[in-house]
2 protein chains.
Amino acid sequence: MDNKYAAVMELLLEVLNDGKNGGNEIPVGISNRHIHLSQADLDALFGAGYQLTKIKDLSQPGQYACKETLTIAGPKGAIEKVRILGPVRKETQIEVLAGDSFKLGASGAVRMSGDLAGTPGITLIGPKGSVQTKEGLIVAQRHIHMTLADASRLGVKNGDIVDIKVTGPRGGVLSNVAIRANDSSALECHIDTEEANGLGLTSKSTITIVK
Amino acid sequence: MDNKYAAVMELLLEVLNDGKNGGNEIPVGISNRHIHLSQADLDALFGAGYQLTKIKDLSQPGQYACKETLTIAGPKGAIEKVRILGPVRKETQIEVLAGDSFKLGASGAVRMSGDLAGTPGITLIGPKGSVQTKEGLIVAQRHIHMTLADASRLGVKNGDIVDIKVTGPRGGVLSNVAIRANDSSALECHIDTEEANGLGLTSKSTITIVK
């Protein structure tokens with residue numbers, strides 16, 4: 001009886017996982033514009049020794065949304081209430097939407113997180129001061145977080161650039177999607193709100209890697 | 001001498017057109033949210049017998065942007081200053097961005113212009129009154145306007161659904177693009193601002209049809 005029960009449960013799990021993450025489907029995570037701050041810039045914007053206040057864990061382990069927001073200002077205009085994500089990083093990085101360039105009068109470079117050399121600067125305005133960053137304004141390059149085990153299963157490796165398939169009435173194939181594989185990542189394809197809306201994707205959608 | 005001149009000019013034009021519209025490249029036209037009004041709704045919103053004021057011709061012959069704007073309101077919120085396009089049409093049609101659904105609390109159906117049966121309604125607020133539309137809230141299905149001669153040259157026909165290729169760092173392939181061919185259209189691929197920003201396209205970009 002126990003063996004039969006176990007066999008049924010195993011089969012049931014397999015059926016349930018098929019077409020979910022047990023298959024090749026990858027969940028979608030959608031980012032709006034947001035800011036990562038260095039401690040030095042956090043101090044300048046909120047006061048010396050300031051600590052960020054976590055309000056919500058994000059899907060990637062250790063990452064969280066903070067209570068604090070900032071105004072981003074460029075030569076043409078400003079965008080208020082841009083969320084800060086924690087924890088603090090080595091370098092300040094401002095991830096905007098491509099469409100924000102019209103309002104700001106400044107365009108982010110399409111870059112992977114951390115690849116900031118030669119990107120434009122922008123003004124950040126906080127409750128205790130403002131900062132003119134020398135660089136760090138980017139539009140996030142779409143990418144897929146995964147563990148090394150996921151990468152092996154999906155036939156890709158860290159640093160690969162792949163295409164992804166999107167189904168539905170606004171479906172298609174998106175190119176230049178970077179694979180970010182390490183031991184501590186949750187499987188998730190990160191795109192921004194404009195990419196998601198343009199392709200008809202929601203936070204309940206999944207995509208597949210095109211081989 | 002005249003013959004040589006003509007031959008050189010012809011060759012020059014051919015070279016100049018190659019990689020422009022003379023080839024298979026199709027210019028991109030980017031639409032933001034906008035409204036087409038019936039005369040009855042125009043009367044209700046702006047006063048009986050009101051005439052729209054043209055401020056700018058659009059690329060499609062006879063179509064123009066108007067001075068007049070409206071507020072669109074849904075159960076969750078409103079969007080102000082939404083441009084009206086002229087001339088008036090048989091039926092009112094409100095073309096929003098997919099991302100507008102969060103602000104409005106109402107989602108447009110992905111539809112071609114004029115295909116409004118079963119689409120949601122929305123509230124329009126003008127200077128002289130408001131209108132609750134029974135239907136007409138859509139997110140425009142991407143499409144390519146062209147003449148019948150263009151269609152013949154490009155190997156497609158009116159009503160076809162094709163894929164288009166987008167190059168660049170945010171490139172890829174977009175599916176479900178409708179061909180709209182008739183005798184009075186300018187060659188142009190119409191997408192909205194979210195599709196454009198998500199794929200890295202500007203009003204100077206071109207795309208190609210994938211065969």
# chains A, B, ... in the order shown; residues from 1 in each chain; ligands from 1
call {"tool": "select_by_dssp", "arguments": {"residues": "range 21-208 of chain B", "states": "alpha helix (DSSP H)", "output": "PyMOL selection string"}}
result
chain B and resi 39-46+100-104+148-154+193-199
call {"tool": "interface_residues", "arguments": {"of": "chain A", "to": "chain B", "cutoff": "10 Å", "atoms": "only C-alpha atoms", "output": "number ranges by chain"}}
result
A: 97-100, 110-111, 141-142, 163-177, 191-201
call {"tool": "residues_around", "arguments": {"residues": "range 49-61 of chain B", "least_positions_apart": "4", "cutoff": "10 Å", "atoms": "only C-alpha atoms", "output": "ChimeraX atom specification"}}
result
/B:29,37,39-40,42-45,65-68,84-88,145-146,184-188
call {"tool": "residues_around", "arguments": {"residues": "Ile94 in chain A", "least_positions_apart": "2", "cutoff": "12 Å", "atoms": "only C-alpha atoms", "output": "PyMOL selection string"}}
result
chain A and resi 32-38+70-73+82-85+89+91-92+96-97+100+106-116+119-124+132-140
